[in-house]
$ cat entry-v2.pdb   # PDB, C-alpha atoms and all ligand atoms
ATOM      1  CA  MET A   1      -9.397  16.701  18.114  1.00  0.00           C
ATOM      2  CA  LEU A   2     -11.135  15.877  14.882  1.00  0.00           C
ATOM      3  CA  THR A   3     -14.903  15.731  14.778  1.00  0.00           C
ATOM      4  CA  GLN A   4     -16.623  12.487  13.824  1.00  0.00           C
ATOM      5  CA  ALA A   5     -17.450  14.017  10.433  1.00  0.00           C
ATOM      6  CA  GLU A   6     -13.794  14.977   9.825  1.00  0.00           C
ATOM      7  CA  ASN A   7     -12.673  11.509  10.866  1.00  0.00           C
ATOM      8  CA  ASP A   8     -15.162   9.924   8.478  1.00  0.00           C
ATOM      9  CA  LEU A   9     -13.996  12.177   5.662  1.00  0.00           C
ATOM     10  CA  LEU A  10     -10.380  11.076   6.091  1.00  0.00           C
ATOM     11  CA  ALA A  11     -10.754   7.461   7.164  1.00  0.00           C
ATOM     12  CA  ARG A  12     -13.569   6.048   5.019  1.00  0.00           C
ATOM     13  CA  VAL A  13     -11.964   4.669   1.888  1.00  0.00           C
ATOM     14  CA  GLY A  14     -14.688   2.670   0.167  1.00  0.00           C
ATOM     15  CA  PRO A  15     -15.854   3.384  -3.400  1.00  0.00           C
ATOM     16  CA  GLY A  16     -17.487   6.792  -3.690  1.00  0.00           C
ATOM     17  CA  GLN A  17     -16.020   8.113  -0.423  1.00  0.00           C
ATOM     18  CA  PRO A  18     -13.789  11.200  -0.892  1.00  0.00           C
ATOM     19  CA  ALA A  19     -10.693   9.577   0.680  1.00  0.00           C
ATOM     20  CA  GLY A  20     -11.445   6.336  -1.156  1.00  0.00           C
ATOM     21  CA  GLU A  21     -11.606   8.131  -4.500  1.00  0.00           C
ATOM     22  CA  LEU A  22      -8.341   9.934  -3.743  1.00  0.00           C
ATOM     23  CA  LEU A  23      -6.474   6.770  -2.743  1.00  0.00           C
ATOM     24  CA  ARG A  24      -7.777   5.013  -5.858  1.00  0.00           C
ATOM     25  CA  ARG A  25      -5.565   7.351  -7.910  1.00  0.00           C
ATOM     26  CA  TYR A  26      -2.459   5.493  -6.674  1.00  0.00           C
ATOM     27  CA  TRP A  27      -0.976   2.068  -7.313  1.00  0.00           C
ATOM     28  CA  MET A  28      -0.852  -0.026  -4.147  1.00  0.00           C
ATOM     29  CA  PRO A  29       1.559  -2.895  -3.465  1.00  0.00           C
ATOM     30  CA  VAL A  30      -0.635  -5.868  -2.545  1.00  0.00           C
ATOM     31  CA  ALA A  31       1.497  -9.025  -2.534  1.00  0.00           C
ATOM     32  CA  PHE A  32       4.974 -10.356  -3.023  1.00  0.00           C
ATOM     33  CA  VAL A  33       5.603 -12.128  -6.283  1.00  0.00           C
ATOM     34  CA  GLN A  34       6.572 -15.275  -4.355  1.00  0.00           C
ATOM     35  CA  GLU A  35       3.137 -15.449  -2.755  1.00  0.00           C
ATOM     36  CA  LEU A  36       1.458 -16.723  -5.934  1.00  0.00           C
ATOM     37  CA  THR A  37       2.676 -20.157  -6.921  1.00  0.00           C
ATOM     38  CA  GLU A  38       1.359 -23.229  -8.738  1.00  0.00           C
ATOM     39  CA  GLU A  39       0.507 -24.724  -5.369  1.00  0.00           C
ATOM     40  CA  GLN A  40      -1.074 -21.513  -4.040  1.00  0.00           C
ATOM     41  CA  PRO A  41      -2.248 -19.498  -7.060  1.00  0.00           C
ATOM     42  CA  THR A  42      -4.811 -17.282  -5.276  1.00  0.00           C
ATOM     43  CA  LYS A  43      -4.670 -14.703  -2.530  1.00  0.00           C
ATOM     44  CA  PHE A  44      -7.596 -12.969  -0.882  1.00  0.00           C
ATOM     45  CA  LEU A  45      -7.168  -9.204  -0.465  1.00  0.00           C
ATOM     46  CA  ARG A  46      -9.216  -6.586   1.269  1.00  0.00           C
ATOM     47  CA  LEU A  47      -8.145  -3.312  -0.270  1.00  0.00           C
ATOM     48  CA  LEU A  48      -9.903   0.041   0.100  1.00  0.00           C
ATOM     49  CA  CYS A  49     -12.974  -1.757   1.473  1.00  0.00           C
ATOM     50  CA  GLU A  50     -13.208  -4.103  -1.523  1.00  0.00           C
ATOM     51  CA  ASP A  51     -12.958  -7.894  -1.279  1.00  0.00           C
ATOM     52  CA  LEU A  52     -10.700  -9.079  -4.089  1.00  0.00           C
ATOM     53  CA  VAL A  53      -8.849 -12.153  -5.275  1.00  0.00           C
ATOM     54  CA  LEU A  54      -5.394 -11.958  -6.785  1.00  0.00           C
ATOM     55  CA  PHE A  55      -4.570 -14.985  -8.909  1.00  0.00           C
ATOM     56  CA  LEU A  56      -1.968 -16.440 -11.223  1.00  0.00           C
ATOM     57  CA  ASP A  57      -3.470 -18.431 -14.078  1.00  0.00           C
ATOM     58  CA  LYS A  58      -1.764 -21.349 -15.774  1.00  0.00           C
ATOM     59  CA  SER A  59      -0.666 -19.134 -18.667  1.00  0.00           C
ATOM     60  CA  GLY A  60       1.306 -16.963 -16.245  1.00  0.00           C
ATOM     61  CA  ARG A  61      -1.147 -14.030 -16.299  1.00  0.00           C
ATOM     62  CA  VAL A  62      -1.953 -12.302 -13.019  1.00  0.00           C
ATOM     63  CA  GLY A  63      -5.451 -10.999 -12.412  1.00  0.00           C
ATOM     64  CA  LEU A  64      -7.277  -9.084  -9.704  1.00  0.00           C
ATOM     65  CA  LEU A  65     -11.024  -9.666  -9.582  1.00  0.00           C
ATOM     66  CA  ALA A  66     -13.853  -8.956  -7.183  1.00  0.00           C
ATOM     67  CA  ASP A  67     -13.827 -11.938  -4.875  1.00  0.00           C
ATOM     68  CA  HIS A  68     -17.561 -12.704  -4.946  1.00  0.00           C
ATOM     69  CA  CYS A  69     -18.565 -14.627  -8.052  1.00  0.00           C
ATOM     70  CA  ALA A  70     -21.109 -12.808 -10.230  1.00  0.00           C
ATOM     71  CA  HIS A  71     -23.290 -15.936 -10.249  1.00  0.00           C
ATOM     72  CA  ARG A  72     -24.068 -16.631  -6.601  1.00  0.00           C
ATOM     73  CA  SER A  73     -21.288 -14.874  -4.717  1.00  0.00           C
ATOM     74  CA  ALA A  74     -19.042 -17.821  -3.866  1.00  0.00           C
ATOM     75  CA  SER A  75     -15.503 -16.674  -3.090  1.00  0.00           C
ATOM     76  CA  LEU A  76     -13.247 -16.905  -6.132  1.00  0.00           C
ATOM     77  CA  CYS A  77     -10.363 -17.324  -3.711  1.00  0.00           C
ATOM     78  CA  TYR A  78     -11.346 -21.018  -3.703  1.00  0.00           C
ATOM     79  CA  GLY A  79     -11.458 -21.122  -7.509  1.00  0.00           C
ATOM     80  CA  ARG A  80      -9.342 -23.355  -9.708  1.00  0.00           C
ATOM     81  CA  VAL A  81      -6.927 -21.612 -12.017  1.00  0.00           C
ATOM     82  CA  GLU A  82      -6.795 -22.751 -15.620  1.00  0.00           C
ATOM     83  CA  GLU A  83      -5.001 -21.712 -18.810  1.00  0.00           C
ATOM     84  CA  ARG A  84      -7.633 -19.047 -19.553  1.00  0.00           C
ATOM     85  CA  GLY A  85      -8.298 -17.708 -16.063  1.00  0.00           C
ATOM     86  CA  ILE A  86      -9.972 -18.784 -12.858  1.00  0.00           C
ATOM     87  CA  ALA A  87     -13.019 -21.042 -12.553  1.00  0.00           C
ATOM     88  CA  CYS A  88     -15.381 -20.524  -9.646  1.00  0.00           C
ATOM     89  CA  ALA A  89     -15.270 -23.577  -7.378  1.00  0.00           C
ATOM     90  CA  TYR A  90     -19.054 -23.654  -6.985  1.00  0.00           C
ATOM     91  CA  HIS A  91     -20.610 -23.953 -10.478  1.00  0.00           C
ATOM     92  CA  GLY A  92     -17.541 -23.361 -12.623  1.00  0.00           C
ATOM     93  CA  TRP A  93     -18.078 -19.941 -14.206  1.00  0.00           C
ATOM     94  CA  LEU A  94     -14.739 -19.178 -15.798  1.00  0.00           C
ATOM     95  CA  TYR A  95     -13.279 -15.653 -15.689  1.00  0.00           C
ATOM     96  CA  ASP A  96     -10.256 -14.233 -17.477  1.00  0.00           C
ATOM     97  CA  THR A  97      -7.968 -11.583 -15.966  1.00  0.00           C
ATOM     98  CA  ASP A  98     -10.114  -8.817 -17.519  1.00  0.00           C
ATOM     99  CA  GLY A  99     -13.231 -10.107 -15.783  1.00  0.00           C
ATOM    100  CA  ASN A 100     -14.823 -11.535 -18.946  1.00  0.00           C
ATOM    101  CA  ILE A 101     -16.945 -14.623 -18.428  1.00  0.00           C
ATOM    102  CA  LEU A 102     -15.701 -17.390 -20.742  1.00  0.00           C
ATOM    103  CA  GLU A 103     -17.776 -20.361 -19.554  1.00  0.00           C
ATOM    104  CA  THR A 104     -21.097 -20.700 -17.713  1.00  0.00           C
ATOM    105  CA  PRO A 105     -21.553 -24.358 -16.819  1.00  0.00           C
ATOM    106  CA  PRO A 106     -23.646 -26.385 -16.907  1.00  0.00           C
ATOM    107  CA  GLU A 107     -25.105 -24.687 -20.015  1.00  0.00           C
ATOM    108  CA  ARG A 108     -23.471 -22.079 -22.176  1.00  0.00           C
ATOM    109  CA  ASN A 109     -25.366 -18.804 -21.723  1.00  0.00           C
ATOM    110  CA  ASP A 110     -24.283 -16.274 -24.349  1.00  0.00           C
ATOM    111  CA  ALA A 111     -26.527 -13.538 -22.969  1.00  0.00           C
ATOM    112  CA  ILE A 112     -24.805 -13.705 -19.602  1.00  0.00           C
ATOM    113  CA  MET A 113     -21.375 -13.895 -21.174  1.00  0.00           C
ATOM    114  CA  ARG A 114     -22.116 -10.770 -23.214  1.00  0.00           C
ATOM    115  CA  SER A 115     -23.770  -8.708 -20.513  1.00  0.00           C
ATOM    116  CA  VAL A 116     -22.127  -9.654 -17.224  1.00  0.00           C
ATOM    117  CA  LYS A 117     -18.603  -8.767 -16.299  1.00  0.00           C
ATOM    118  CA  GLN A 118     -16.732  -9.381 -13.096  1.00  0.00           C
ATOM    119  CA  THR A 119     -15.046  -6.287 -11.648  1.00  0.00           C
ATOM    120  CA  ALA A 120     -11.382  -6.501 -12.656  1.00  0.00           C
ATOM    121  CA  TYR A 121      -8.433  -4.248 -11.858  1.00  0.00           C
ATOM    122  CA  PRO A 122      -5.027  -3.905 -13.497  1.00  0.00           C
ATOM    123  CA  VAL A 123      -2.015  -5.469 -11.833  1.00  0.00           C
ATOM    124  CA  GLN A 124       1.665  -4.716 -12.419  1.00  0.00           C
ATOM    125  CA  ARG A 125       4.787  -6.433 -11.210  1.00  0.00           C
ATOM    126  CA  PHE A 126       7.377  -4.016  -9.815  1.00  0.00           C
ATOM    127  CA  LEU A 127      10.120  -4.289  -7.153  1.00  0.00           C
ATOM    128  CA  GLY A 128       9.331  -7.951  -6.543  1.00  0.00           C
ATOM    129  CA  MET A 129       5.734  -7.151  -5.685  1.00  0.00           C
ATOM    130  CA  TYR A 130       2.351  -7.084  -7.371  1.00  0.00           C
ATOM    131  CA  TRP A 131       0.762  -3.651  -7.467  1.00  0.00           C
ATOM    132  CA  ALA A 132      -2.935  -2.949  -7.945  1.00  0.00           C
ATOM    133  CA  TYR A 133      -4.746   0.087  -9.286  1.00  0.00           C
ATOM    134  CA  LEU A 134      -8.437   0.528  -8.407  1.00  0.00           C
ATOM    135  CA  GLY A 135      -9.023   3.972  -9.893  1.00  0.00           C
ATOM    136  CA  PRO A 136     -10.343   5.465 -13.109  1.00  0.00           C
ATOM    137  CA  LYS A 137      -8.563   4.771 -16.398  1.00  0.00           C
ATOM    138  CA  PRO A 138      -6.090   5.454 -17.737  1.00  0.00           C
ATOM    139  CA  ALA A 139      -3.968   4.228 -14.871  1.00  0.00           C
ATOM    140  CA  PRO A 140      -0.964   6.436 -14.107  1.00  0.00           C
ATOM    141  CA  VAL A 141       2.596   5.164 -14.280  1.00  0.00           C
ATOM    142  CA  ILE A 142       3.976   3.790 -11.012  1.00  0.00           C
ATOM    143  CA  PRO A 143       6.467   6.497  -9.934  1.00  0.00           C
ATOM    144  CA  ARG A 144      10.111   5.479 -10.184  1.00  0.00           C
ATOM    145  CA  TYR A 145      11.306   7.007  -6.919  1.00  0.00           C
ATOM    146  CA  ASP A 146      15.051   6.983  -6.305  1.00  0.00           C
ATOM    147  CA  VAL A 147      15.447   4.206  -3.763  1.00  0.00           C
ATOM    148  CA  TRP A 148      12.996   2.026  -5.679  1.00  0.00           C
ATOM    149  CA  VAL A 149      15.011   1.977  -8.867  1.00  0.00           C
ATOM    150  CA  ARG A 150      18.603   2.725  -7.930  1.00  0.00           C
ATOM    151  CA  GLN A 151      20.990  -0.048  -8.896  1.00  0.00           C
ATOM    152  CA  ASP A 152      23.965   0.951  -6.757  1.00  0.00           C
ATOM    153  CA  GLY A 153      22.967  -0.737  -3.528  1.00  0.00           C
ATOM    154  CA  ARG A 154      21.098  -3.597  -1.980  1.00  0.00           C
ATOM    155  CA  GLN A 155      17.333  -3.683  -1.685  1.00  0.00           C
ATOM    156  CA  LYS A 156      15.808  -5.319   1.356  1.00  0.00           C
ATOM    157  CA  ILE A 157      12.079  -5.749   1.818  1.00  0.00           C
ATOM    158  CA  VAL A 158      10.813  -6.350   5.339  1.00  0.00           C
ATOM    159  CA  VAL A 159       7.217  -7.251   6.106  1.00  0.00           C
ATOM    160  CA  HIS A 160       5.810  -5.835   9.312  1.00  0.00           C
ATOM    161  CA  PRO A 161       2.636  -7.042  11.003  1.00  0.00           C
ATOM    162  CA  GLN A 162      -0.577  -5.465   9.840  1.00  0.00           C
ATOM    163  CA  LEU A 163      -1.429  -2.230  11.610  1.00  0.00           C
ATOM    164  CA  ASP A 164      -4.937  -2.320  13.034  1.00  0.00           C
ATOM    165  CA  CYS A 165      -5.669   1.302  12.289  1.00  0.00           C
ATOM    166  CA  ASN A 166      -6.822   3.333   9.334  1.00  0.00           C
ATOM    167  CA  TRP A 167      -4.396   4.597   6.683  1.00  0.00           C
ATOM    168  CA  PHE A 168      -4.543   8.165   7.900  1.00  0.00           C
ATOM    169  CA  GLN A 169      -3.371   7.310  11.424  1.00  0.00           C
ATOM    170  CA  ALA A 170      -0.241   5.686  10.013  1.00  0.00           C
ATOM    171  CA  MET A 171       0.497   8.642   7.762  1.00  0.00           C
ATOM    172  CA  GLU A 172      -0.251  11.175  10.472  1.00  0.00           C
ATOM    173  CA  ASN A 173       2.457   9.406  12.497  1.00  0.00           C
ATOM    174  CA  SER A 174       4.842   9.628   9.547  1.00  0.00           C
ATOM    175  CA  VAL A 175       4.512  13.385   9.387  1.00  0.00           C
ATOM    176  CA  ASP A 176       4.609  13.888  13.164  1.00  0.00           C
ATOM    177  CA  PRO A 177       8.039  15.426  13.831  1.00  0.00           C
ATOM    178  CA  ALA A 178       8.032  15.498  17.629  1.00  0.00           C
ATOM    179  CA  HIS A 179       7.741  11.877  18.706  1.00  0.00           C
ATOM    180  CA  LEU A 180      11.157  10.763  17.369  1.00  0.00           C
ATOM    181  CA  GLN A 181      13.080  12.279  20.291  1.00  0.00           C
ATOM    182  CA  ILE A 182      10.724  10.740  22.865  1.00  0.00           C
ATOM    183  CA  LEU A 183       9.289   7.469  21.564  1.00  0.00           C
ATOM    184  CA  HIS A 184      12.532   6.420  19.899  1.00  0.00           C
ATOM    185  CA  GLN A 185      14.923   7.792  22.546  1.00  0.00           C
ATOM    186  CA  GLU A 186      16.508   4.347  23.144  1.00  0.00           C
ATOM    187  CA  PHE A 187      17.139   4.028  19.417  1.00  0.00           C
ATOM    188  CA  ILE A 188      18.713   7.486  19.360  1.00  0.00           C
ATOM    189  CA  GLY A 189      20.845   6.687  22.403  1.00  0.00           C
ATOM    190  CA  ARG A 190      21.969   3.378  20.855  1.00  0.00           C
ATOM    191  CA  GLY A 191      22.998   2.184  24.306  1.00  0.00           C
ATOM    192  CA  GLN A 192      25.691   4.882  24.393  1.00  0.00           C
ATOM    193  CA  SER A 193      23.803   7.761  25.951  1.00  0.00           C
ATOM    194  CA  ARG A 194      20.666   8.502  27.888  1.00  0.00           C
ATOM    195  CA  PRO A 195      18.615  11.672  27.907  1.00  0.00           C
ATOM    196  CA  VAL A 196      18.464  13.711  31.064  1.00  0.00           C
ATOM    197  CA  SER A 197      14.734  13.116  31.286  1.00  0.00           C
ATOM    198  CA  THR A 198      12.828  10.179  29.801  1.00  0.00           C
ATOM    199  CA  THR A 199       9.765  12.420  29.697  1.00  0.00           C
ATOM    200  CA  ARG A 200      11.367  14.880  27.291  1.00  0.00           C
ATOM    201  CA  GLY A 201      13.791  12.430  25.711  1.00  0.00           C
ATOM    202  CA  TYR A 202      16.022  14.314  23.283  1.00  0.00           C
ATOM    203  CA  THR A 203      13.376  16.958  22.597  1.00  0.00           C
ATOM    204  CA  ASP A 204      15.649  19.789  23.681  1.00  0.00           C
ATOM    205  CA  ASP A 205      18.127  18.892  20.935  1.00  0.00           C
ATOM    206  CA  VAL A 206      15.602  20.291  18.459  1.00  0.00           C
ATOM    207  CA  GLU A 207      15.513  23.987  17.759  1.00  0.00           C
ATOM    208  CA  SER A 208      12.558  24.122  15.368  1.00  0.00           C
ATOM    209  CA  TYR A 209      10.195  22.142  13.158  1.00  0.00           C
ATOM    210  CA  GLU A 210       9.007  23.103   9.703  1.00  0.00           C
ATOM    211  CA  PHE A 211       6.849  21.531   7.018  1.00  0.00           C
ATOM    212  CA  HIS A 212       7.122  22.018   3.277  1.00  0.00           C
ATOM    213  CA  ARG A 213       4.536  20.878   0.796  1.00  0.00           C
ATOM    214  CA  VAL A 214       6.068  19.313  -2.320  1.00  0.00           C
ATOM    215  CA  TRP A 215       4.460  17.722  -5.366  1.00  0.00           C
ATOM    216  CA  TYR A 216       4.854  14.189  -4.006  1.00  0.00           C
ATOM    217  CA  GLY A 217       3.884  14.871  -0.381  1.00  0.00           C
ATOM    218  CA  ILE A 218       5.293  16.723   2.617  1.00  0.00           C
ATOM    219  CA  ILE A 219       8.807  17.263   3.896  1.00  0.00           C
ATOM    220  CA  LYS A 220       9.009  17.577   7.646  1.00  0.00           C
ATOM    221  CA  SER A 221      12.143  19.386   8.651  1.00  0.00           C
ATOM    222  CA  ARG A 222      13.814  19.277  12.055  1.00  0.00           C
ATOM    223  CA  ARG A 223      16.525  21.831  12.750  1.00  0.00           C
ATOM    224  CA  TYR A 224      18.784  20.931  15.669  1.00  0.00           C
ATOM    225  CA  ILE A 225      20.598  23.215  18.074  1.00  0.00           C
ATOM    226  CA  ASP A 226      23.931  21.978  16.714  1.00  0.00           C
ATOM    227  CA  GLY A 227      22.993  23.359  13.293  1.00  0.00           C
ATOM    228  CA  LYS A 228      22.126  20.038  11.617  1.00  0.00           C
ATOM    229  CA  THR A 229      18.793  19.262   9.997  1.00  0.00           C
ATOM    230  CA  ASP A 230      17.000  16.126   8.940  1.00  0.00           C
ATOM    231  CA  GLU A 231      14.227  16.123   6.400  1.00  0.00           C
ATOM    232  CA  PRO A 232      12.616  12.738   5.767  1.00  0.00           C
ATOM    233  CA  PRO A 233      10.047  13.144   2.990  1.00  0.00           C
ATOM    234  CA  LEU A 234       6.556  11.768   3.358  1.00  0.00           C
ATOM    235  CA  ILE A 235       5.529  10.444  -0.039  1.00  0.00           C
ATOM    236  CA  PHE A 236       1.786  10.402  -0.511  1.00  0.00           C
ATOM    237  CA  PRO A 237      -0.169   8.247   0.114  1.00  0.00           C
ATOM    238  CA  ASN A 238       1.718   5.695   2.172  1.00  0.00           C
ATOM    239  CA  ASP A 239       5.487   6.118   2.270  1.00  0.00           C
ATOM    240  CA  LEU A 240       8.027   7.740   4.531  1.00  0.00           C
ATOM    241  CA  ALA A 241      11.585   7.880   3.203  1.00  0.00           C
ATOM    242  CA  PRO A 242      14.143   8.324   5.972  1.00  0.00           C
ATOM    243  CA  GLY A 243      17.684   7.561   4.980  1.00  0.00           C
ATOM    244  CA  PRO A 244      21.214   8.748   4.441  1.00  0.00           C
ATOM    245  CA  GLU A 245      20.105  11.297   1.849  1.00  0.00           C
ATOM    246  CA  HIS A 246      18.583  13.060   4.817  1.00  0.00           C
ATOM    247  CA  PRO A 247      21.411  13.418   7.350  1.00  0.00           C
ATOM    248  CA  ASP A 248      20.975  11.642  10.645  1.00  0.00           C
ATOM    249  CA  PRO A 249      21.847  14.177  13.363  1.00  0.00           C
ATOM    250  CA  TYR A 250      22.442  11.342  15.812  1.00  0.00           C
ATOM    251  CA  SER A 251      24.924   9.442  13.704  1.00  0.00           C
ATOM    252  CA  HIS A 252      27.784  10.526  15.965  1.00  0.00           C
ATOM    253  CA  ARG A 253      26.331   8.901  19.084  1.00  0.00           C
TER
HETATM  254  S1  LIG B 301     -21.336 -19.133  -7.493  1.00  0.00           S
HETATM  255 FE1  LIG B 301     -19.716 -19.044  -8.888  1.00  0.00          FE
HETATM  256  S2  LIG B 301     -20.373 -20.207 -10.562  1.00  0.00           S
HETATM  257 FE2  LIG B 301     -22.017 -20.279  -9.196  1.00  0.00          FE
END
$ encode --input "entry-v2.pdb" --output "structure tokens"
Amino acid sequence: MLTQAENDLLARVGPGQPAGELLRRYWMPVAFVQELTEEQPTKFLRLLCEDLVLFLDKSGRVGLLADHCAHRSASLCYGRVEERGIACAYHGWLYDTDGNILETPPERNDAIMRSVKQTAYPVQRFLGMYWAYLGPKPAPVIPRYDVWVRQDGRQKIVVHPQLDCNWFQAMENSVDPAHLQILHQEFIGRGQSRPVSTTRGYTDDVESYEFHRVWYGIIKSRRYIDGKTDEPPLIFPNDLAPGPEHPDPYSHR
């Protein structure tokens, strides 16, 4: 069991927290491109403990700003997009995608426009999604992992319900090698076979587990008693890549 302090170290991801600073070094997919339209040009996001608004202005630029207006904290999610950015719905302060203040109704206030800036983060479009980067500049390149950029197949994106847990719990599950043969025993059996014991599932098919650290994450390796192995790589910070590159020992069932 982890102590409370160890849990806090891993699970707290706000600005200035160790895990938060680490995760801010990665691009995060935050929305599908289809989610921002003329009719619905804004989307509220809560990412790494920050309240943000993603928006598409009328010039086609996409921005990611802190959601609370620098004036009196109204949510910019209710703002009106214009050619030059997004105007706060409350008093009309106008922001561009870099967080610059372009208008301060009812009176132009040059001092505010020079000195105040709304927090703004870079956004990129990749794989049919918008990706956000909340870390220090310069932002790294979004990695071009094989299945993300290969052209010799069909890409399918499935949205699952939000997991009500912290990021580390999901990734700890991804690197857990032992639950496959028990939790997913019906999937392994595919209606064709059943394990001798539902308690142990197909656990006894596995001879050994190993882990290998690699530059992009961790490879968990299962060696089976029939000599096969499977090695789905965990790609830090939030991907698991099972697939045919990593032979499925149950494909014969
Ligand atoms: S609260 Fe946004 S302009 Fe006043």
$ residues_near_ligand --input "entry-v2.pdb" --ligand "ligand LIG 301 (chain B)" --cutoff "9 Å" --atoms "only C-alpha atoms and all ligand atoms" --output "ChimeraX atom specification"
/A:68-76,79,87-94,104-105
$ resolve_selection --input "entry-v2.pdb" --expression "the PyMOL selection byres (((chain A and resi 176-188) around 7) and not hetatm)" --output "list in words"
Glu172, Asn173, Ser174, Val175, Gly189, Arg190, Gly191, Arg200, Gly201, Tyr202, Thr203, Lys220 and Tyr250 of chain A
$ closest_residue --input "entry-v2.pdb" --among "A:Ile218, A:Cys165, A:Ala31, A:Ile112" --to "Tyr130 of chain A" --atoms "only C-alpha atoms"
A:Ala31
$ closest_residue --input "entry-v2.pdb" --among "A:Arg223, A:Arg150, A:Arg61, A:Arg12" --to "Trp167 of chain A" --atoms "only C-alpha atoms"
A:Arg12
$ resolve_selection --input "entry-v2.pdb" --expression "the PyMOL selection byres (((chain A and resi 7) around 12) and not hetatm)" --output "ChimeraX atom specification"
/A:1-6,8-13,18-19,166-169
$ atom_distance --input "entry-v2.pdb" --atom1 "atom CA of Thr119 of chain A" --atom2 "atom CA of Met171 of chain A"
29.0 Å
$ build_atoms --input "entry-v2.pdb" --residues "segment 152-166 of chain A" --atoms "N, CA, C and O atoms" --output "PDB file, in the coordinates of the input"
ATOM      1  N   ASP A 152      22.641   0.918  -7.378  1.00  0.00           N
ATOM      2  CA  ASP A 152      23.965   0.951  -6.757  1.00  0.00           C
ATOM      3  C   ASP A 152      23.933   0.561  -5.279  1.00  0.00           C
ATOM      4  O   ASP A 152      24.730   1.032  -4.484  1.00  0.00           O
ATOM      5  N   GLY A 153      23.031  -0.316  -4.922  1.00  0.00           N
ATOM      6  CA  GLY A 153      22.967  -0.737  -3.528  1.00  0.00           C
ATOM      7  C   GLY A 153      22.255  -2.065  -3.415  1.00  0.00           C
ATOM      8  O   GLY A 153      22.168  -2.817  -4.378  1.00  0.00           O
ATOM      9  N   ARG A 154      21.775  -2.334  -2.246  1.00  0.00           N
ATOM     10  CA  ARG A 154      21.098  -3.597  -1.980  1.00  0.00           C
ATOM     11  C   ARG A 154      19.684  -3.273  -1.508  1.00  0.00           C
ATOM     12  O   ARG A 154      19.495  -2.423  -0.633  1.00  0.00           O
ATOM     13  N   GLN A 155      18.711  -3.920  -2.101  1.00  0.00           N
ATOM     14  CA  GLN A 155      17.333  -3.683  -1.685  1.00  0.00           C
ATOM     15  C   GLN A 155      16.904  -4.771  -0.715  1.00  0.00           C
ATOM     16  O   GLN A 155      17.152  -5.954  -0.953  1.00  0.00           O
ATOM     17  N   LYS A 156      16.275  -4.358   0.367  1.00  0.00           N
ATOM     18  CA  LYS A 156      15.808  -5.319   1.356  1.00  0.00           C
ATOM     19  C   LYS A 156      14.357  -4.989   1.663  1.00  0.00           C
ATOM     20  O   LYS A 156      14.030  -3.829   1.955  1.00  0.00           O
ATOM     21  N   ILE A 157      13.493  -5.980   1.548  1.00  0.00           N
ATOM     22  CA  ILE A 157      12.079  -5.749   1.818  1.00  0.00           C
ATOM     23  C   ILE A 157      11.709  -6.494   3.091  1.00  0.00           C
ATOM     24  O   ILE A 157      11.932  -7.695   3.201  1.00  0.00           O
ATOM     25  N   VAL A 158      11.184  -5.770   4.051  1.00  0.00           N
ATOM     26  CA  VAL A 158      10.813  -6.350   5.339  1.00  0.00           C
ATOM     27  C   VAL A 158       9.299  -6.212   5.504  1.00  0.00           C
ATOM     28  O   VAL A 158       8.744  -5.144   5.248  1.00  0.00           O
ATOM     29  N   VAL A 159       8.670  -7.296   5.912  1.00  0.00           N
ATOM     30  CA  VAL A 159       7.217  -7.251   6.106  1.00  0.00           C
ATOM     31  C   VAL A 159       6.934  -7.087   7.597  1.00  0.00           C
ATOM     32  O   VAL A 159       7.390  -7.886   8.412  1.00  0.00           O
ATOM     33  N   HIS A 160       6.203  -6.056   7.928  1.00  0.00           N
ATOM     34  CA  HIS A 160       5.810  -5.835   9.312  1.00  0.00           C
ATOM     35  C   HIS A 160       4.385  -6.332   9.526  1.00  0.00           C
ATOM     36  O   HIS A 160       3.618  -6.450   8.563  1.00  0.00           O
ATOM     37  N   PRO A 161       4.021  -6.610  10.760  1.00  0.00           N
ATOM     38  CA  PRO A 161       2.636  -7.042  11.003  1.00  0.00           C
ATOM     39  C   PRO A 161       1.641  -5.969  10.570  1.00  0.00           C
ATOM     40  O   PRO A 161       1.972  -4.783  10.548  1.00  0.00           O
ATOM     41  N   GLN A 162       0.449  -6.414  10.260  1.00  0.00           N
ATOM     42  CA  GLN A 162      -0.577  -5.465   9.840  1.00  0.00           C
ATOM     43  C   GLN A 162      -0.897  -4.500  10.966  1.00  0.00           C
ATOM     44  O   GLN A 162      -0.985  -4.893  12.139  1.00  0.00           O
ATOM     45  N   LEU A 163      -1.041  -3.232  10.617  1.00  0.00           N
ATOM     46  CA  LEU A 163      -1.429  -2.230  11.610  1.00  0.00           C
ATOM     47  C   LEU A 163      -2.954  -2.190  11.691  1.00  0.00           C
ATOM     48  O   LEU A 163      -3.618  -2.011  10.671  1.00  0.00           O
ATOM     49  N   ASP A 164      -3.478  -2.354  12.876  1.00  0.00           N
ATOM     50  CA  ASP A 164      -4.937  -2.320  13.034  1.00  0.00           C
ATOM     51  C   ASP A 164      -5.402  -0.890  13.246  1.00  0.00           C
ATOM     52  O   ASP A 164      -5.874  -0.510  14.320  1.00  0.00           O
ATOM     53  N   CYS A 165      -5.209  -0.081  12.229  1.00  0.00           N
ATOM     54  CA  CYS A 165      -5.669   1.302  12.289  1.00  0.00           C
ATOM     55  C   CYS A 165      -5.949   1.731  10.848  1.00  0.00           C
ATOM     56  O   CYS A 165      -5.648   1.005   9.911  1.00  0.00           O
ATOM     57  N   ASN A 166      -6.543   2.903  10.708  1.00  0.00           N
ATOM     58  CA  ASN A 166      -6.822   3.333   9.334  1.00  0.00           C
ATOM     59  C   ASN A 166      -5.554   3.955   8.722  1.00  0.00           C
ATOM     60  O   ASN A 166      -4.584   4.266   9.428  1.00  0.00           O
TER      61      ASN A 166
END
